[in-house]
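Colleague: Next up, entry-v5.tsv (TSV, C-alpha atoms).
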chain	number	residue	atom	x	y	z
A	181	MET	CA	0.00	0.00	0.00
A	182	ARG	CA	2.79	2.42	0.89
A	183	GLY	CA	4.59	1.74	-2.37
A	184	ARG	CA	1.47	2.48	-4.37
A	185	LEU	CA	0.98	5.74	-2.51
A	186	TYR	CA	4.62	6.64	-3.07
A	187	ARG	CA	4.45	5.89	-6.81
A	188	SER	CA	1.20	7.77	-7.34
A	189	CYS	CA	1.75	10.88	-5.20
A	190	ILE	CA	5.34	11.45	-4.17
A	191	ARG	CA	7.27	10.15	-7.16
A	192	SER	CA	4.92	11.84	-9.62
A	193	SER	CA	5.53	15.13	-7.79
A	194	MET	CA	9.30	14.60	-7.72
A	195	LEU	CA	9.45	13.84	-11.44
A	196	HIS	CA	6.87	16.34	-12.69
A	197	GLY	CA	8.12	17.65	-16.02
A	198	SER	CA	11.18	15.41	-15.94
A	199	GLU	CA	10.65	14.43	-19.56
A	200	THR	CA	12.35	17.64	-20.60
A	201	TRP	CA	15.08	17.89	-17.98
A	202	PRO	CA	18.70	17.63	-19.14
A	203	VAL	CA	19.56	15.70	-15.98
A	204	ARG	CA	23.19	15.57	-14.87
A	205	LYS	CA	24.71	12.88	-12.69
A	206	GLU	CA	24.55	14.98	-9.52
A	207	ASN	CA	20.82	15.55	-10.11
A	208	GLU	CA	20.25	11.80	-10.44
A	209	VAL	CA	22.21	11.15	-7.25
A	210	ALA	CA	20.17	13.76	-5.37
A	211	LEU	CA	16.91	12.16	-6.58
A	212	GLN	CA	18.13	8.69	-5.58
A	213	ARG	CA	19.12	9.89	-2.12
A	214	ALA	CA	15.77	11.59	-1.57
A	215	GLU	CA	13.93	8.49	-2.77
A	216	MET	CA	15.87	6.17	-0.48
A	217	ARG	CA	15.40	8.50	2.49
A	218	MET	CA	11.63	8.33	1.95
A	219	ALA	CA	11.72	4.56	1.37
A	220	ARG	CA	13.63	4.00	4.61
A	221	TRP	CA	11.19	6.24	6.47
A	222	MET	CA	8.16	4.38	5.04
A	223	CYS	CA	9.65	0.98	5.97
A	224	GLY	CA	10.80	2.12	9.42
A	225	VAL	CA	14.42	1.33	8.64
A	226	LYS	CA	17.23	3.57	9.83
A	227	LEU	CA	20.42	4.27	7.94
A	228	LYS	CA	22.36	2.66	10.78
A	229	ASP	CA	20.58	-0.65	10.07
A	230	ARG	CA	22.51	-0.89	6.77
A	231	PHE	CA	19.48	-2.32	4.95
A	232	PRO	CA	20.19	-2.64	1.18
A	233	SER	CA	18.37	-0.24	-1.14
A	234	LYS	CA	17.37	-3.07	-3.48
A	235	GLU	CA	15.54	-4.86	-0.68
A	236	LEU	CA	13.68	-1.67	0.24
A	237	ARG	CA	12.63	-1.25	-3.39
A	238	VAL	CA	11.46	-4.87	-3.53
A	239	ARG	CA	9.55	-4.47	-0.28
A	240	LEU	CA	7.77	-1.35	-1.59
A	241	ARG	CA	7.57	-2.66	-5.18
A	242	ILE	CA	9.13	0.49	-6.65
A	243	ASP	CA	11.66	0.85	-9.46
A	244	ASP	CA	14.86	2.85	-9.28
A	245	ILE	CA	14.10	6.52	-9.85
A	246	THR	CA	16.80	6.87	-12.54
A	247	LEU	CA	15.12	4.09	-14.52
A	248	VAL	CA	11.76	5.85	-14.25
A	249	LEU	CA	13.40	9.13	-15.27
A	250	GLN	CA	14.88	7.43	-18.32
A	251	GLN	CA	11.54	5.88	-19.27
A	252	ASN	CA	9.80	9.25	-18.99
A	253	ARG	CA	12.41	10.91	-21.21
A	254	LEU	CA	12.16	8.20	-23.88
A	255	ARG	CA	8.36	8.26	-23.80
A	256	TRP	CA	8.40	12.01	-24.40
A	257	TYR	CA	11.01	11.63	-27.15
A	258	GLU	CA	8.79	9.12	-28.97
A	259	HIS	CA	5.93	11.59	-28.70
A	260	VAL	CA	8.11	14.38	-30.14
A	261	LEU	CA	9.17	12.18	-33.06
A	262	ARG	CA	5.54	11.33	-33.90
A	263	LYS	CA	4.45	14.96	-33.74
A	264	ASP	CA	3.55	16.50	-37.10
A	265	ASP	CA	4.37	20.07	-36.11
A	266	ASN	CA	7.83	21.15	-37.11
A	267	TRP	CA	8.29	23.67	-34.30
A	268	VAL	CA	8.89	20.95	-31.70
A	269	LYS	CA	11.64	19.36	-33.76
A	270	LYS	CA	13.14	22.78	-34.49
A	271	CYS	CA	13.29	23.51	-30.77
A	272	MET	CA	15.01	20.20	-30.21
A	273	GLU	CA	17.65	20.97	-32.85
A	274	TYR	CA	18.12	24.63	-31.86
A	275	ASP	CA	21.65	25.55	-30.76
A	276	VAL	CA	21.98	28.29	-28.19
A	277	GLU	CA	24.83	30.69	-28.72
A	278	GLY	CA	27.00	31.67	-25.80
A	279	PRO	CA	27.07	29.85	-22.50
A	280	ARG	CA	24.81	26.83	-22.56
A	281	PRO	CA	23.98	24.04	-20.14
A	282	LYS	CA	26.68	21.43	-19.74
A	283	ARG	CA	24.28	18.77	-20.97
A	284	THR	CA	21.38	19.21	-23.35
A	285	TRP	CA	18.12	17.27	-23.36
A	286	LYS	CA	18.97	15.74	-26.72
A	287	GLU	CA	22.30	14.44	-25.38
A	288	ALA	CA	20.45	12.86	-22.44
A	289	VAL	CA	17.99	11.15	-24.81
A	290	GLU	CA	20.79	9.92	-27.07
A	291	LYS	CA	22.51	8.37	-24.05
A	292	ASP	CA	19.23	6.72	-22.98
A	293	CYS	CA	18.81	5.29	-26.47
A	294	GLN	CA	22.34	3.85	-26.37
A	295	VAL	CA	21.69	2.26	-22.98
A	296	LYS	CA	18.43	0.70	-24.21
A	297	HIS	CA	19.98	-0.24	-27.60
A	298	ILE	CA	17.44	1.85	-29.55
A	299	ASN	CA	18.31	3.42	-32.89
What's the structure tokens form of this structure?

Modeller:
Amino acid sequence: MRGRLYRSCIRSSMLHGSETWPVRKENEVALQRAEMRMARWMCGVKLKDRFPSKELRVRLRIDDITLVLQQNRLRWYEHVLRKDDNWVKKCMEYDVEGPRPKRTWKEAVEKDCQVKHIN
């Protein structure tokens, strides 16, 4: 029951709009830490107990937040590719002059595609 509540309310709030985030490694680590803090709290396990994260996820029946983040990004990317309007694709290909983020959304999607072995 707690896992269902977590997936429907908390995780959806944490990942709202994540389809378009150019997530860096430190952002993923921060999300994982927050998720595991909440999972430990829901299960009544303290950090001192040294309970493995995988077992907490199994107990609550939740997936790793980075996997969910990746799935959200790829789902949105498929939607963008199916879209008939050209403006969405132009925005995706647009290069910003001057200082830009260290990682773009397109680079994040390309990495996700490589991990999942998608062309």

Colleague: Can you work out which one of A:Val289, A:Met194, A:Val295, A:Ile245 has the shortest atom-to-atom distance to Val209 (chain A), counting all atoms listed in the file?

Modeller: A:Ile245

Colleague: What does the structure give for the distance between CA of Arg241 (chain A) and CA of Arg184 (chain A), in Å to one decimal?

Modeller: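 Computing the Euclidean distance for CA of Arg241 (chain A) and CA of Arg184 (chain A) yields 8.0 Å.
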
Colleague: Just how far from CA of Leu211 (chain A) is CA of Cys271 (chain A), in Å to one decimal?

Modeller: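 It comes out at 27.0 Å.
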
Colleague: Would you mind reading off the distance between CA of Glu206 (chain A) and CA of Leu185 (chain A), one decimal, in Å?

Modeller: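 A separation of 26.3 Å between them.
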
Colleague: With a distance cut-off of 12 Å and only C-alpha atoms, select the neighbouring residues of Tyr186 (chain A), excluding the residue or stretch itself and same-chain residues fewer than 6 positions from it, and output the selection as a PDB file with C-alpha atoms, keeping the file's coordinate frame.

Modeller:
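Output saved as around37.pdb:
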ATOM      1  CA  SER A 192       4.920  11.840  -9.620  1.00  0.00           C
ATOM      2  CA  SER A 193       5.530  15.130  -7.790  1.00  0.00           C
ATOM      3  CA  MET A 194       9.300  14.600  -7.720  1.00  0.00           C
ATOM      4  CA  GLU A 215      13.930   8.490  -2.770  1.00  0.00           C
ATOM      5  CA  MET A 216      15.870   6.170  -0.480  1.00  0.00           C
ATOM      6  CA  MET A 218      11.630   8.330   1.950  1.00  0.00           C
ATOM      7  CA  ALA A 219      11.720   4.560   1.370  1.00  0.00           C
ATOM      8  CA  TRP A 221      11.190   6.240   6.470  1.00  0.00           C
ATOM      9  CA  MET A 222       8.160   4.380   5.040  1.00  0.00           C
ATOM     10  CA  CYS A 223       9.650   0.980   5.970  1.00  0.00           C
ATOM     11  CA  ARG A 237      12.630  -1.250  -3.390  1.00  0.00           C
ATOM     12  CA  LEU A 240       7.770  -1.350  -1.590  1.00  0.00           C
ATOM     13  CA  ARG A 241       7.570  -2.660  -5.180  1.00  0.00           C
ATOM     14  CA  ILE A 242       9.130   0.490  -6.650  1.00  0.00           C
ATOM     15  CA  ASP A 243      11.660   0.850  -9.460  1.00  0.00           C
ATOM     16  CA  ILE A 245      14.100   6.520  -9.850  1.00  0.00           C
TER      17      ILE A 245
END

Colleague: Using all atoms listed in the file, pick whichever of A:Lys263, A:Arg283, A:Arg230, A:Arg182 has the shortest atom-to-atom distance to Thr200 (chain A).

Modeller: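 Nearest to Thr200 (chain A): A:Arg283.
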
Colleague: Check the smallest atom-to-atom distance from each of A:Gly197, A:Ile298, A:Arg239, A:Lys205 to Val225 (chain A) using all atoms listed in the file, then report the winner.

Modeller: A:Arg239

Colleague: Choose the residue, out of A:Gly183, A:Asn252, A:Trp267, A:Ser198, that has the smallest atom-to-atom separation from Leu236 (chain A); count only C-alpha atoms.

Modeller: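 Checking each candidate against Leu236 (chain A), we get A:Gly183 as the closest.
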
Colleague: Using only C-alpha atoms, pick whichever of A:His297, A:Lys234, A:Arg262, A:Lys291 has the shortest atom-to-atom distance to Arg220 (chain A).

Modeller: A:Lys234

Colleague: With all atoms listed in the file as the atoms that count, which of A:Arg191, A:Asp292, A:Pro232, A:Leu247 lies nearest to Ala214 (chain A)?

Modeller: A:Arg191
